[in-house]
Structures are given as structure tokens and as C-alpha cells.
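File shown: target.cif. Contents: mmCIF, C-alpha atoms.
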data_final
loop_
_atom_site.group_PDB
_atom_site.id
_atom_site.type_symbol
_atom_site.label_atom_id
_atom_site.label_comp_id
_atom_site.auth_asym_id
_atom_site.auth_seq_id
_atom_site.Cartn_x
_atom_site.Cartn_y
_atom_site.Cartn_z
ATOM 1 C CA ASP H 18 -1.549 24.574 -9.174
ATOM 2 C CA GLY H 19 -1.610 21.527 -6.874
ATOM 3 C CA ARG H 20 0.358 23.271 -4.109
ATOM 4 C CA ASN H 21 -0.846 23.555 -0.533
ATOM 5 C CA ASN H 22 -0.527 26.204 2.157
ATOM 6 C CA TRP H 23 2.495 24.363 3.583
ATOM 7 C CA SER H 24 4.432 24.108 0.300
ATOM 8 C CA ASP H 25 6.567 27.218 0.870
ATOM 9 C CA VAL H 26 7.482 26.057 4.395
ATOM 10 C CA ILE H 27 8.516 22.621 3.126
ATOM 11 C CA GLU H 28 10.577 24.174 0.320
ATOM 12 C CA ARG H 29 12.463 26.388 2.770
ATOM 13 C CA LEU H 30 13.180 23.415 5.039
ATOM 14 C CA GLN H 31 14.453 21.413 2.067
ATOM 15 C CA ALA H 32 16.644 24.312 0.970
ATOM 16 C CA ASN H 33 18.140 24.631 4.465
ATOM 17 C CA SER H 34 18.740 20.888 4.570
ATOM 18 C CA ALA H 35 20.515 20.980 1.200
ATOM 19 C CA GLU H 36 22.784 23.785 2.400
ATOM 20 C CA SER H 37 23.655 21.929 5.599
ATOM 21 C CA THR H 38 24.612 18.762 3.700
ATOM 22 C CA GLN H 39 27.220 20.701 1.728
ATOM 23 C CA ASP H 40 29.353 20.755 4.864
ATOM 24 C CA ASP H 41 31.762 17.826 4.648
ATOM 25 C CA GLY H 42 32.095 17.608 8.414
ATOM 26 C CA PRO H 43 30.357 14.872 10.443
ATOM 27 C CA GLY H 44 26.811 15.518 11.583
ATOM 28 C CA ALA H 45 25.941 16.161 15.200
ATOM 29 C CA LEU H 46 25.477 13.137 17.435
ATOM 30 C CA PHE H 47 22.273 12.950 19.442
ATOM 31 C CA SER H 48 20.173 10.713 21.654
ATOM 32 C CA ILE H 49 16.521 11.559 22.339
ATOM 33 C CA GLY H 50 13.919 9.594 24.274
ATOM 34 C CA ASN H 51 10.288 9.631 25.387
ATOM 35 C CA ILE H 52 8.728 11.586 22.513
ATOM 36 C CA ARG H 53 4.931 11.478 22.646
ATOM 37 C CA VAL H 54 2.098 13.219 20.791
ATOM 38 C CA ARG H 55 -1.433 12.584 22.083
ATOM 39 C CA HIS H 56 -4.890 13.538 20.814
ATOM 40 C CA GLY H 57 -3.509 15.313 17.759
ATOM 41 C CA ALA H 58 -5.415 16.109 14.582
ATOM 42 C CA ILE H 59 -4.545 16.897 10.966
ATOM 43 C CA ARG H 60 -7.132 18.203 8.514
ATOM 44 C CA VAL H 61 -6.625 18.312 4.753
ATOM 45 C CA ASP H 62 -8.888 20.264 2.387
ATOM 46 C CA ASP H 63 -8.054 18.924 -1.082
ATOM 47 C CA ARG H 64 -9.697 21.505 -3.296
ATOM 48 C CA VAL H 65 -8.170 20.010 -6.446
ATOM 49 C CA ARG H 66 -10.047 16.718 -6.018
ATOM 50 C CA GLY H 67 -12.889 18.187 -3.992
ATOM 51 C CA GLN H 68 -12.253 16.008 -0.949
ATOM 52 C CA GLN H 69 -11.619 16.583 2.732
ATOM 53 C CA HIS H 70 -9.667 14.249 4.997
ATOM 54 C CA GLU H 71 -9.133 14.219 8.744
ATOM 55 C CA LEU H 72 -6.604 12.335 10.829
ATOM 56 C CA SER H 73 -8.003 12.524 14.363
ATOM 57 C CA GLU H 74 -7.242 10.960 17.751
ATOM 58 C CA LEU H 75 -3.614 10.932 16.667
ATOM 59 C CA ASP H 76 -1.325 9.176 19.136
ATOM 60 C CA LEU H 77 2.348 9.072 18.142
ATOM 61 C CA GLY H 78 5.073 7.529 20.270
ATOM 62 C CA LEU H 79 8.862 7.372 19.880
ATOM 63 C CA PRO H 80 10.500 5.842 22.965
ATOM 64 C CA PHE H 81 14.078 6.306 21.784
ATOM 65 C CA ILE H 82 16.181 7.416 18.806
ATOM 66 C CA SER H 83 19.923 7.951 18.572
ATOM 67 C CA ASN H 84 22.720 8.093 16.000
ATOM 68 C CA LEU H 85 25.453 7.380 18.537
ATOM 69 C CA PRO H 86 27.803 4.690 17.128
ATOM 70 C CA VAL H 87 26.961 2.286 19.947
ATOM 71 C CA LYS H 88 23.216 2.687 19.256
ATOM 72 C CA VAL H 89 22.914 2.525 15.443
ATOM 73 C CA ASP H 90 22.180 -1.230 15.541
ATOM 74 C CA VAL H 91 19.481 -0.835 18.201
ATOM 75 C CA PHE H 92 15.915 -0.924 16.844
ATOM 76 C CA VAL H 93 13.938 2.303 17.100
ATOM 77 C CA GLN H 94 10.288 1.400 17.788
ATOM 78 C CA PRO H 95 7.863 4.181 16.781
ATOM 79 C CA SER H 96 4.107 3.639 17.001
ATOM 80 C CA LEU H 97 1.092 5.439 15.570
ATOM 81 C CA SER H 98 -2.629 5.067 16.088
ATOM 82 C CA ALA H 99 -5.370 7.337 14.770
ATOM 83 C CA MET H 100 -8.716 7.589 13.041
ATOM 84 C CA LEU H 101 -8.431 8.425 9.341
ATOM 85 C CA ASN H 102 -11.748 9.749 8.039
ATOM 86 C CA GLY H 103 -13.405 7.781 10.831
ATOM 87 C CA ASP H 104 -11.578 4.516 10.045
ATOM 88 C CA PRO H 105 -9.142 3.080 12.628
ATOM 89 C CA LEU H 106 -5.474 3.069 11.671
ATOM 90 C CA LYS H 107 -2.705 1.415 13.656
ATOM 91 C CA MET H 108 0.982 1.109 12.800
ATOM 92 C CA GLN H 109 3.989 -0.095 14.752
ATOM 93 C CA ALA H 110 7.522 -0.245 13.427
ATOM 94 C CA ARG H 111 10.999 -1.453 14.274
ATOM 95 C CA THR H 112 13.712 0.346 12.346
ATOM 96 C CA LYS H 113 17.435 1.097 12.280
ATOM 97 C CA PRO H 114 17.425 4.474 10.506
ATOM 98 C CA PHE H 115 21.145 5.134 10.924
ATOM 99 C CA ALA H 116 22.459 1.639 10.155
ATOM 100 C CA GLU H 117 23.839 0.828 6.703
ATOM 101 C CA SER H 118 21.056 -1.711 6.107
ATOM 102 C CA HIS H 119 18.216 0.712 7.084
ATOM 103 C CA GLU H 120 16.452 -2.448 8.287
ATOM 104 C CA THR H 121 12.774 -1.712 8.943
ATOM 105 C CA VAL H 122 9.730 -3.787 9.857
ATOM 106 C CA LEU H 123 6.281 -2.153 9.769
ATOM 107 C CA ASP H 124 3.113 -3.729 11.188
ATOM 108 C CA LEU H 125 0.019 -2.302 9.487
ATOM 109 C CA VAL H 126 -3.379 -3.040 11.050
ATOM 110 C CA LEU H 127 -6.587 -1.882 9.345
ATOM 111 C CA ASN H 128 -10.177 -2.736 10.263
ATOM 112 C CA GLU H 129 -12.724 -2.260 7.446
ATOM 113 C CA PHE H 130 -10.833 0.719 6.092
ATOM 114 C CA ASP H 131 -12.865 2.475 3.381
ATOM 115 C CA LEU H 132 -10.844 2.487 0.150
ATOM 116 C CA ALA H 133 -13.450 4.252 -2.006
ATOM 117 C CA PRO H 134 -12.358 7.876 -1.306
ATOM 118 C CA TRP H 135 -8.737 7.041 -2.108
ATOM 119 C CA ALA H 136 -9.382 5.875 -5.674
ATOM 120 C CA ALA H 137 -9.013 9.538 -6.672
ATOM 121 C CA TYR H 138 -5.316 9.351 -5.743
ATOM 122 C CA LEU H 139 -4.375 6.475 -8.046
ATOM 123 C CA PRO H 140 -1.247 7.233 -10.112
ATOM 124 C CA PHE H 141 -3.306 6.941 -13.305
ATOM 125 C CA LYS H 142 -6.663 8.225 -14.459
ATOM 126 C CA PRO H 143 -9.153 5.512 -13.404
ATOM 127 C CA THR H 144 -11.574 4.246 -16.032
ATOM 128 C CA PHE H 145 -13.824 2.780 -13.346
ATOM 129 C CA ARG H 146 -15.734 3.752 -10.226
ATOM 130 C CA LEU H 147 -15.253 2.213 -6.795
ATOM 131 C CA PRO H 148 -18.369 3.012 -4.743
ATOM 132 C CA SER H 149 -17.531 0.526 -2.007
ATOM 133 C CA ALA H 150 -14.503 -1.423 -0.759
ATOM 134 C CA LEU H 151 -13.624 -2.163 2.879
ATOM 135 C CA LEU H 152 -10.116 -3.381 3.672
ATOM 136 C CA THR H 153 -9.067 -5.337 6.758
ATOM 137 C CA SER H 154 -5.414 -6.308 7.127
ATOM 138 C CA ASN H 155 -2.719 -7.345 9.552
ATOM 139 C CA LEU H 156 0.370 -6.974 7.392
ATOM 140 C CA GLU H 157 4.062 -7.062 8.127
ATOM 141 C CA VAL H 158 6.115 -5.013 5.663
ATOM 142 C CA SER H 159 9.886 -5.386 5.927
ATOM 143 C CA PHE H 160 12.701 -3.581 4.155
ATOM 144 C CA ARG H 161 16.458 -4.050 4.119
ATOM 145 C CA GLN H 162 19.224 -2.516 2.020
ATOM 146 C CA ILE H 163 22.435 -4.513 2.168
ATOM 147 C CA PRO H 164 25.394 -2.508 0.802
ATOM 148 C CA ASP H 165 26.146 -3.329 -2.863
ATOM 149 C CA ALA H 166 23.020 -5.503 -3.094
ATOM 150 C CA THR H 167 19.469 -5.187 -4.384
ATOM 151 C CA PRO H 168 17.048 -3.700 -1.809
ATOM 152 C CA GLU H 169 14.750 -6.241 -0.186
ATOM 153 C CA LEU H 170 11.056 -5.433 0.283
ATOM 154 C CA MET H 171 8.762 -8.139 1.642
ATOM 155 C CA VAL H 172 5.074 -8.258 2.626
ATOM 156 C CA ARG H 173 3.444 -10.962 4.760
ATOM 157 C CA GLY H 174 0.058 -11.371 6.409
ATOM 158 C CA PRO H 175 -3.704 -11.741 5.829
ATOM 159 C CA VAL H 176 -5.891 -9.371 3.829
ATOM 160 C CA VAL H 177 -9.703 -9.323 3.697
ATOM 161 C CA LEU H 178 -11.667 -7.155 1.275
ATOM 162 C CA ARG H 179 -15.404 -6.826 1.892
ATOM 163 C CA SER H 180 -18.330 -5.134 0.144
ATOM 164 C CA LEU H 181 -16.394 -4.648 -3.079
ATOM 165 C CA VAL H 182 -18.449 -2.934 -5.792
ATOM 166 C CA LEU H 183 -16.883 -2.082 -9.144
ATOM 167 C CA GLN H 184 -18.558 0.028 -11.831
ATOM 168 C CA ASP H 185 -17.564 1.346 -15.234
ATOM 169 C CA ALA H 186 -16.899 5.037 -15.862
ATOM 170 C CA ASP H 187 -20.620 5.673 -16.489
ATOM 171 C CA GLY H 188 -21.721 3.942 -13.276
ATOM 172 C CA GLY H 189 -22.803 0.701 -14.923
ATOM 173 C CA PRO H 190 -22.346 -2.506 -12.869
ATOM 174 C CA VAL H 191 -19.230 -4.560 -13.597
ATOM 175 C CA ALA H 192 -18.501 -6.697 -10.540
ATOM 176 C CA SER H 193 -19.444 -7.191 -6.913
ATOM 177 C CA LEU H 194 -17.801 -9.322 -4.281
ATOM 178 C CA PRO H 195 -19.158 -9.630 -0.727
ATOM 179 C CA GLU H 196 -15.823 -10.931 0.531
ATOM 180 C CA VAL H 197 -12.403 -11.958 -0.734
ATOM 181 C CA GLU H 198 -9.693 -13.203 1.594
ATOM 182 C CA PHE H 199 -6.072 -14.043 0.899
ATOM 183 C CA GLU H 200 -2.832 -14.306 2.835
ATOM 184 C CA PHE H 201 0.595 -13.290 1.625
ATOM 185 C CA ALA H 202 3.327 -15.697 2.651
ATOM 186 C CA ASP H 203 6.136 -14.032 0.707
ATOM 187 C CA VAL H 204 5.429 -11.025 -1.515
ATOM 188 C CA GLN H 205 8.529 -9.284 -2.883
ATOM 189 C CA PRO H 206 7.425 -6.512 -5.278
ATOM 190 C CA LEU H 207 10.973 -5.549 -6.272
ATOM 191 C CA LEU H 208 11.547 -9.106 -7.499
ATOM 192 C CA GLY H 209 8.091 -9.529 -9.033
ATOM 193 C CA ARG H 210 7.343 -12.466 -6.699
ATOM 194 C CA LEU H 211 3.947 -13.392 -5.262
ATOM 195 C CA HIS H 212 3.609 -16.284 -2.836
ATOM 196 C CA PHE H 213 0.242 -16.719 -1.116
ATOM 197 C CA THR H 214 -1.107 -19.510 1.050
ATOM 198 C CA HIS H 215 -4.778 -19.303 0.107
ATOM 199 C CA LEU H 216 -7.343 -17.304 -1.827
ATOM 200 C CA ARG H 217 -11.073 -17.397 -1.042
ATOM 201 C CA MET H 218 -13.860 -15.512 -2.798
ATOM 202 C CA SER H 219 -17.448 -15.523 -1.552
ATOM 203 C CA LYS H 220 -20.274 -15.294 -4.105
ATOM 204 C CA PRO H 221 -18.548 -13.206 -6.789
ATOM 205 C CA GLU H 222 -20.761 -11.616 -9.458
ATOM 206 C CA ILE H 223 -19.532 -10.263 -12.807
ATOM 207 C CA ASP H 224 -21.680 -8.353 -15.310
ATOM 208 C CA LEU H 225 -20.265 -8.918 -18.794
ATOM 209 C CA THR H 226 -21.554 -6.718 -21.607
ATOM 210 C CA ARG H 227 -20.483 -6.788 -25.247
ATOM 211 C CA LEU H 228 -20.216 -3.221 -26.488
ATOM 212 C CA LYS H 229 -21.004 -1.880 -29.952
ATOM 213 C CA ASP H 230 -17.358 -2.079 -30.991
ATOM 214 C CA GLY H 231 -17.308 -5.790 -30.106
ATOM 215 C CA SER H 232 -15.199 -5.440 -26.958
ATOM 216 C CA LEU H 233 -16.237 -6.416 -23.447
ATOM 217 C CA ASN H 234 -17.032 -3.806 -20.809
ATOM 218 C CA VAL H 235 -14.365 -5.183 -18.464
ATOM 219 C CA MET H 236 -11.653 -4.348 -21.005
ATOM 220 C CA LYS H 237 -12.558 -0.667 -20.671
ATOM 221 C CA LEU H 238 -11.403 -0.794 -17.040
ATOM 222 C CA ILE H 239 -7.753 -1.242 -18.032
ATOM 223 C CA PRO H 240 -5.818 2.064 -17.877
ATOM 224 C CA GLN H 241 -4.899 3.360 -21.315
ATOM 225 C CA ASN H 242 -1.130 3.238 -20.720
ATOM 226 C CA ALA H 243 -1.352 -0.383 -19.520
ATOM 227 C CA ALA H 244 -3.480 -1.379 -22.505
ATOM 228 C CA ALA H 245 -0.997 0.263 -24.880
ATOM 229 C CA GLY H 246 1.880 -1.610 -23.231
ATOM 230 C CA LYS H 247 0.101 -4.938 -23.606
ATOM 231 C CA GLY H 248 -0.606 -4.216 -27.261
ATOM 232 C CA LYS H 249 3.036 -3.394 -27.949
ATOM 233 C CA GLU H 250 4.150 -6.559 -26.172
ATOM 234 C CA ALA H 251 1.783 -8.674 -28.254
ATOM 235 C CA ALA H 252 2.990 -7.008 -31.460
ATOM 236 C CA THR H 253 6.611 -7.882 -30.724
ATOM 237 C CA GLY H 254 5.676 -11.439 -29.781
ATOM 238 C CA LYS H 255 7.034 -11.128 -26.263
ATOM 239 C CA THR H 256 5.453 -12.907 -23.343
ATOM 240 C CA GLY H 257 6.217 -12.687 -19.649
ATOM 241 C CA GLY H 258 5.363 -14.401 -16.429
ATOM 242 C CA LYS H 259 5.008 -18.037 -15.460
ATOM 243 C CA ALA H 260 1.640 -19.297 -14.419
ATOM 244 C CA ALA H 261 1.564 -21.569 -11.433
ATOM 245 C CA ASN H 262 -0.582 -24.666 -11.542
ATOM 246 C CA GLY H 263 -3.578 -24.344 -9.292
ATOM 247 C CA GLY H 264 -6.942 -25.773 -8.521
ATOM 248 C CA GLY H 265 -10.273 -24.595 -7.225
ATOM 249 C CA LYS H 266 -13.012 -26.092 -5.095
ATOM 250 C CA ARG H 267 -16.545 -25.169 -4.128
ATOM 251 C CA ALA H 268 -17.081 -24.614 -0.422
ATOM 252 C CA GLU H 269 -20.286 -25.557 1.394
ATOM 253 C CA ASP H 270 -21.278 -21.908 1.902
ATOM 254 C CA GLY H 271 -21.216 -21.228 -1.830
ATOM 255 C CA SER H 272 -17.829 -19.521 -1.785
ATOM 256 C CA THR H 273 -15.012 -20.368 -4.136
ATOM 257 C CA ALA H 274 -11.587 -21.295 -2.787
ATOM 258 C CA ALA H 275 -8.400 -21.628 -4.792
ATOM 259 C CA THR H 276 -4.931 -22.728 -3.766
ATOM 260 C CA ALA H 277 -1.822 -22.753 -5.931
ATOM 261 C CA ALA H 278 0.074 -26.002 -6.229
ATOM 262 C CA ASN H 279 2.965 -24.605 -4.299
ATOM 263 C CA GLY H 280 1.518 -21.161 -3.648
ATOM 264 C CA THR H 281 4.306 -19.484 -5.575
ATOM 265 C CA GLN H 282 4.418 -17.505 -8.768
ATOM 266 C CA ASP H 283 7.447 -15.781 -10.187
ATOM 267 C CA ALA H 284 7.187 -13.112 -12.849
ATOM 268 C CA SER H 285 9.436 -10.509 -14.369
ATOM 269 C CA PRO H 286 9.663 -7.296 -12.332
ATOM 270 C CA GLY H 287 6.529 -5.209 -12.573
ATOM 271 C CA GLU H 288 4.422 -8.076 -13.962
ATOM 272 C CA ILE H 289 2.877 -9.745 -10.933
ATOM 273 C CA ASP H 290 -0.028 -11.958 -11.961
ATOM 274 C CA PHE H 291 -2.376 -14.135 -9.932
#
Could you show the structure in this file as C-alpha cells?
Amino acid sequence: DGRNNWSDVIERLQANSAESTQDDGPGALFSIGNIRVRHGAIRVDDRVRGQQHELSELDLGLPFISNLPVKVDVFVQPSLSAMLNGDPLKMQARTKPFAESHETVLDLVLNEFDLAPWAAYLPFKPTFRLPSALLTSNLEVSFRQIPDATPELMVRGPVVLRSLVLQDADGGPVASLPEVEFEFADVQPLLGRLHFTHLRMSKPEIDLTRLKDGSLNVMKLIPQNAAAGKGKEAATGKTGGKAANGGGKRAEDGSTAATAANGTQDASPGEIDF
């Protein structure tokens, strides 16, 4: 049924939390410091998807946290490092959890993190296979919620994707890319904004096949709900997004580099296009 052996515990904790919030009185004030977890491990046996995951060498640190009025505007700086299925994972954050703005900055560092096993957890049924994809990143993700204003979510930093292999649902070749590198200068998903400084692809290969129904194999990779939405949009004559002028150039090593004229593209929310 998709539940796990901790579901009943979590439900009881949520029920107790809901009961405690019914009290109109102020919550208890606290100040805690020097919280540390070392050499921890978490193992997950996902029998629904037939996968097992392990978070090992877990090192979690929380130097200080407090909801005292004089401390709410002081950054809490938690840190986490671990090995996730053998891949290194490192995160550091600066956050104000009890301030009105909930201002948070998260540094996410990955080194050739294997994305292939996580394709099973996409929020839609994939119509493709991802046998190989290694992600390296050094991203800064920031969030801020100003009262009576739209939440702000911003992503900055370089991303490198190596050994990308994409196949159709039957395992037929569709695309391969030894390396693609790009850097986000100002990505704001809630505003549908993508601003990048450069995009470089090394020796991309695409296998195009015309199928019996006349369509191309790459079109079969689009999720059904997305394809239906595009068809409805075309039927109503609506168009969205503004393409930025850009140019490309051939590098000496055979790679392809592209840079937008001003590196900025604005689109309607939920329609971010390169």
C-alpha cells in the first residue's frame, strides 16, 4: 500500500503535534547548542520499486538553535555529510527558522552523483530509460518569504552532467552525451526565470528514428500529461515563453558551446525553456 514500517509512528507524532497546536498559548522558549550525530546510517528497503538505498557515514551537526526573541534573527548553521548509495553528499545551510522571512541558504555539493536509480521516483511515469547519468554540482539554493509578498526561491552555481545515456522505453538508443556543463546565474523557478552564464556540450549524439506512425522516437519520451497539455495549448492557439537570442560556436576539442545574448530567458510560471 506504499506505507513503510515507520508510517504509524509518524502519524502518531503528527496527531500529537496537531493537538498541541490547538492550544492558543505561546509555545515554549528554548535554546539548544552543540548537537552532533556521527557515523550514523539509514537503510531503506523500497519493496514497491524493488530498490534498496543506504545513507552511510552520516555526520550531522547543529551548533545552535533557539527561538528566543533576541535570537530569531541569528542564522542557524546546520551541516550534513554522508554517502548515499556510495556517492558523496555534502550540504551546509544558513537558516532563520523562527524569523518571519524564514530566510534560508543551502549549499549543495555533489561529486559524480549517480542519478540513474532515482529515475524511478519521478513524479510521472517515465517513458524512457536512464542507464547512466553522473551529476556534479556546487549549488547555492536560497529561499525567503517576505510577509505579504511572493516567496523567493533562487538557485546559483555550476552543474556538470557526465556519462549521460538516454534510451526509449524498450531500451533503444536515443541520446548520449559524454559531458554537459552549465552555470546558473539566477534561476527563480517560482517566477519561471532562467538566467545562465554558459552552456557547453561535448560530443552529443542523437539517434533519430521515424516510427511506423510517422512520429519521431524522441517524441515518445514526453510524458503523456505534458504531451496532452501541449496539444491543448496548440488547439487554443496559445503560445508562451520568450526565446532569448543566442549563438553557438565550435570549440577546438569538438565540443559545442552556446551562450545567450544576455544569458536571460523569462517565461510564464512552469514553462522554463532553454
Quiz item: On this structure, which residues satisfy the PyMOL selection byres ((chain H and resi 69) around 12), written as number ranges by chain?
Solution: H: 59-68, 70-72, 101-102, 134-135
Would you mind exporting C-alpha atoms of the selected residues as a compact mmCIF listing (two decimals), in the frame of the given file?
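Saved the output as again33.txt:
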# COMPACT_ATOMS: atom_id res chain seq x y z
CA ILE H 59 -4.54 16.90 10.97
CA ARG H 60 -7.13 18.20 8.51
CA VAL H 61 -6.62 18.31 4.75
CA ASP H 62 -8.89 20.26 2.39
CA ASP H 63 -8.05 18.92 -1.08
CA ARG H 64 -9.70 21.50 -3.30
CA VAL H 65 -8.17 20.01 -6.45
CA ARG H 66 -10.05 16.72 -6.02
CA GLY H 67 -12.89 18.19 -3.99
CA GLN H 68 -12.25 16.01 -0.95
CA HIS H 70 -9.67 14.25 5.00
CA GLU H 71 -9.13 14.22 8.74
CA LEU H 72 -6.60 12.34 10.83
CA LEU H 101 -8.43 8.43 9.34
CA ASN H 102 -11.75 9.75 8.04
CA PRO H 134 -12.36 7.88 -1.31
CA TRP H 135 -8.74 7.04 -2.11
Using the chain letters and numbers from the file, give me the residues hit by the PyMOL selection byres ((chain H and resi 213) around 7), as a PDB file with C-alpha atoms, in the frame of the given file.
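Ended up saving to expr-v3.pdb:
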ATOM      1  CA  GLU H 200      -2.832 -14.306   2.835  1.00  0.00           C
ATOM      2  CA  PHE H 201       0.595 -13.290   1.625  1.00  0.00           C
ATOM      3  CA  ALA H 202       3.327 -15.697   2.651  1.00  0.00           C
ATOM      4  CA  ASP H 203       6.136 -14.032   0.707  1.00  0.00           C
ATOM      5  CA  LEU H 211       3.947 -13.392  -5.262  1.00  0.00           C
ATOM      6  CA  HIS H 212       3.609 -16.284  -2.836  1.00  0.00           C
ATOM      7  CA  THR H 214      -1.107 -19.510   1.050  1.00  0.00           C
ATOM      8  CA  HIS H 215      -4.778 -19.303   0.107  1.00  0.00           C
ATOM      9  CA  GLY H 280       1.518 -21.161  -3.648  1.00  0.00           C
ATOM     10  CA  THR H 281       4.306 -19.484  -5.575  1.00  0.00           C
TER      11      THR H 281
END
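For the residues H:Pro114, H:Pro148, H:Pro240, H:Gly174, ranking by smallest atom-to-atom distance to Val89 in chain H using all atoms listed in the file places H:Pro114 first.
Residues matched by the PyMOL selection byres ((chain H and resi 94) around 10) in this file are Gly78, Leu79, Pro80, Phe81, Ile82, Val91, Phe92, Val93, Pro95, Ser96, Gln109, Ala110, Arg111, Thr112, Lys113, Thr121, Val122 and Leu123 of chain H.
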Would you mind exporting C-alpha atoms of the selected residues as a compact mmCIF listing (two decimals), keeping the file's coordinate frame?
# COMPACT_ATOMS: atom_id res chain seq x y z
CA GLY H 78 5.07 7.53 20.27
CA LEU H 79 8.86 7.37 19.88
CA PRO H 80 10.50 5.84 22.96
CA PHE H 81 14.08 6.31 21.78
CA ILE H 82 16.18 7.42 18.81
CA VAL H 91 19.48 -0.84 18.20
CA PHE H 92 15.92 -0.92 16.84
CA VAL H 93 13.94 2.30 17.10
CA PRO H 95 7.86 4.18 16.78
CA SER H 96 4.11 3.64 17.00
CA GLN H 109 3.99 -0.10 14.75
CA ALA H 110 7.52 -0.24 13.43
CA ARG H 111 11.00 -1.45 14.27
CA THR H 112 13.71 0.35 12.35
CA LYS H 113 17.43 1.10 12.28
CA THR H 121 12.77 -1.71 8.94
CA VAL H 122 9.73 -3.79 9.86
CA LEU H 123 6.28 -2.15 9.77
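Distances from H:Val177, H:Ala192, H:Leu77, H:Ala116 to Thr153 in chain H were compared using all atoms listed in the file, and the smallest one belongs to H:Val177.
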Range 76-83 of chain H, all listed atoms, 6 Å padding on each side: what axis-aligned box centre and edge lengths in Å to one decimal come out, as lines of an AutoDock Vina configuration file?
center_x = 9.3
center_y = 7.5
center_z = 20.6
size_x = 33.2
size_y = 15.3
size_z = 16.8
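CA of Leu125 in chain H lies 10.4 Å from CA of Val172 in chain H.
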Since the input is missing atoms, can you rebuild all heavy atoms for range 193-200 of chain H and write them as a PDB file, keeping the file's coordinate frame?
ATOM      1  N   SER H 193     -19.211  -7.353  -8.344  1.00  0.00           N
ATOM      2  CA  SER H 193     -19.444  -7.191  -6.913  1.00  0.00           C
ATOM      3  C   SER H 193     -18.940  -8.436  -6.206  1.00  0.00           C
ATOM      4  O   SER H 193     -19.013  -9.543  -6.745  1.00  0.00           O
ATOM      5  CB  SER H 193     -20.931  -6.965  -6.610  1.00  0.00           C
ATOM      6  OG  SER H 193     -21.701  -8.101  -6.967  1.00  0.00           O
ATOM      7  N   LEU H 194     -18.411  -8.228  -5.026  1.00  0.00           N
ATOM      8  CA  LEU H 194     -17.801  -9.322  -4.281  1.00  0.00           C
ATOM      9  C   LEU H 194     -18.026  -9.064  -2.795  1.00  0.00           C
ATOM     10  O   LEU H 194     -17.425  -8.150  -2.221  1.00  0.00           O
ATOM     11  CB  LEU H 194     -16.305  -9.386  -4.587  1.00  0.00           C
ATOM     12  CG  LEU H 194     -15.526 -10.608  -4.130  1.00  0.00           C
ATOM     13  CD1 LEU H 194     -16.093 -11.865  -4.758  1.00  0.00           C
ATOM     14  CD2 LEU H 194     -14.061 -10.453  -4.511  1.00  0.00           C
ATOM     15  N   PRO H 195     -18.919  -9.844  -2.161  1.00  0.00           N
ATOM     16  CA  PRO H 195     -19.158  -9.630  -0.727  1.00  0.00           C
ATOM     17  C   PRO H 195     -17.900  -9.773   0.123  1.00  0.00           C
ATOM     18  O   PRO H 195     -17.699  -9.028   1.087  1.00  0.00           O
ATOM     19  CB  PRO H 195     -20.196 -10.695  -0.379  1.00  0.00           C
ATOM     20  CG  PRO H 195     -20.884 -10.989  -1.675  1.00  0.00           C
ATOM     21  CD  PRO H 195     -19.821 -10.870  -2.726  1.00  0.00           C
ATOM     22  N   GLU H 196     -17.041 -10.734  -0.264  1.00  0.00           N
ATOM     23  CA  GLU H 196     -15.823 -10.931   0.531  1.00  0.00           C
ATOM     24  C   GLU H 196     -14.781 -11.691  -0.269  1.00  0.00           C
ATOM     25  O   GLU H 196     -15.085 -12.661  -0.957  1.00  0.00           O
ATOM     26  CB  GLU H 196     -16.147 -11.695   1.817  1.00  0.00           C
ATOM     27  CG  GLU H 196     -14.941 -11.885   2.739  1.00  0.00           C
ATOM     28  CD  GLU H 196     -15.313 -12.557   4.054  1.00  0.00           C
ATOM     29  OE1 GLU H 196     -15.803 -11.846   4.945  1.00  0.00           O
ATOM     30  OE2 GLU H 196     -15.129 -13.774   4.168  1.00  0.00           O
ATOM     31  N   VAL H 197     -13.550 -11.222  -0.195  1.00  0.00           N
ATOM     32  CA  VAL H 197     -12.403 -11.958  -0.734  1.00  0.00           C
ATOM     33  C   VAL H 197     -11.309 -11.929   0.326  1.00  0.00           C
ATOM     34  O   VAL H 197     -11.049 -10.906   0.948  1.00  0.00           O
ATOM     35  CB  VAL H 197     -11.911 -11.358  -2.071  1.00  0.00           C
ATOM     36  CG1 VAL H 197     -11.535  -9.888  -1.914  1.00  0.00           C
ATOM     37  CG2 VAL H 197     -10.720 -12.147  -2.599  1.00  0.00           C
ATOM     38  N   GLU H 198     -10.707 -13.073   0.545  1.00  0.00           N
ATOM     39  CA  GLU H 198      -9.693 -13.203   1.594  1.00  0.00           C
ATOM     40  C   GLU H 198      -8.474 -13.907   1.026  1.00  0.00           C
ATOM     41  O   GLU H 198      -8.595 -14.902   0.301  1.00  0.00           O
ATOM     42  CB  GLU H 198     -10.243 -14.002   2.771  1.00  0.00           C
ATOM     43  CG  GLU H 198      -9.246 -14.250   3.901  1.00  0.00           C
ATOM     44  CD  GLU H 198      -9.813 -15.131   5.000  1.00  0.00           C
ATOM     45  OE1 GLU H 198     -10.986 -15.554   4.868  1.00  0.00           O
ATOM     46  OE2 GLU H 198      -9.087 -15.398   5.971  1.00  0.00           O
ATOM     47  N   PHE H 199      -7.306 -13.378   1.311  1.00  0.00           N
ATOM     48  CA  PHE H 199      -6.072 -14.043   0.899  1.00  0.00           C
ATOM     49  C   PHE H 199      -4.982 -13.718   1.911  1.00  0.00           C
ATOM     50  O   PHE H 199      -5.099 -12.768   2.694  1.00  0.00           O
ATOM     51  CB  PHE H 199      -5.649 -13.640  -0.515  1.00  0.00           C
ATOM     52  CG  PHE H 199      -5.583 -12.164  -0.755  1.00  0.00           C
ATOM     53  CD1 PHE H 199      -4.403 -11.461  -0.592  1.00  0.00           C
ATOM     54  CD2 PHE H 199      -6.714 -11.472  -1.176  1.00  0.00           C
ATOM     55  CE1 PHE H 199      -4.340 -10.100  -0.816  1.00  0.00           C
ATOM     56  CE2 PHE H 199      -6.666 -10.109  -1.407  1.00  0.00           C
ATOM     57  CZ  PHE H 199      -5.472  -9.422  -1.229  1.00  0.00           C
ATOM     58  N   GLU H 200      -3.933 -14.515   1.891  1.00  0.00           N
ATOM     59  CA  GLU H 200      -2.832 -14.306   2.835  1.00  0.00           C
ATOM     60  C   GLU H 200      -1.518 -14.373   2.086  1.00  0.00           C
ATOM     61  O   GLU H 200      -1.233 -15.339   1.377  1.00  0.00           O
ATOM     62  CB  GLU H 200      -2.855 -15.341   3.955  1.00  0.00           C
ATOM     63  CG  GLU H 200      -1.751 -15.116   4.982  1.00  0.00           C
ATOM     64  CD  GLU H 200      -1.957 -15.920   6.254  1.00  0.00           C
ATOM     65  OE1 GLU H 200      -2.996 -16.588   6.368  1.00  0.00           O
ATOM     66  OE2 GLU H 200      -1.079 -15.858   7.134  1.00  0.00           O
TER      67      GLU H 200
END
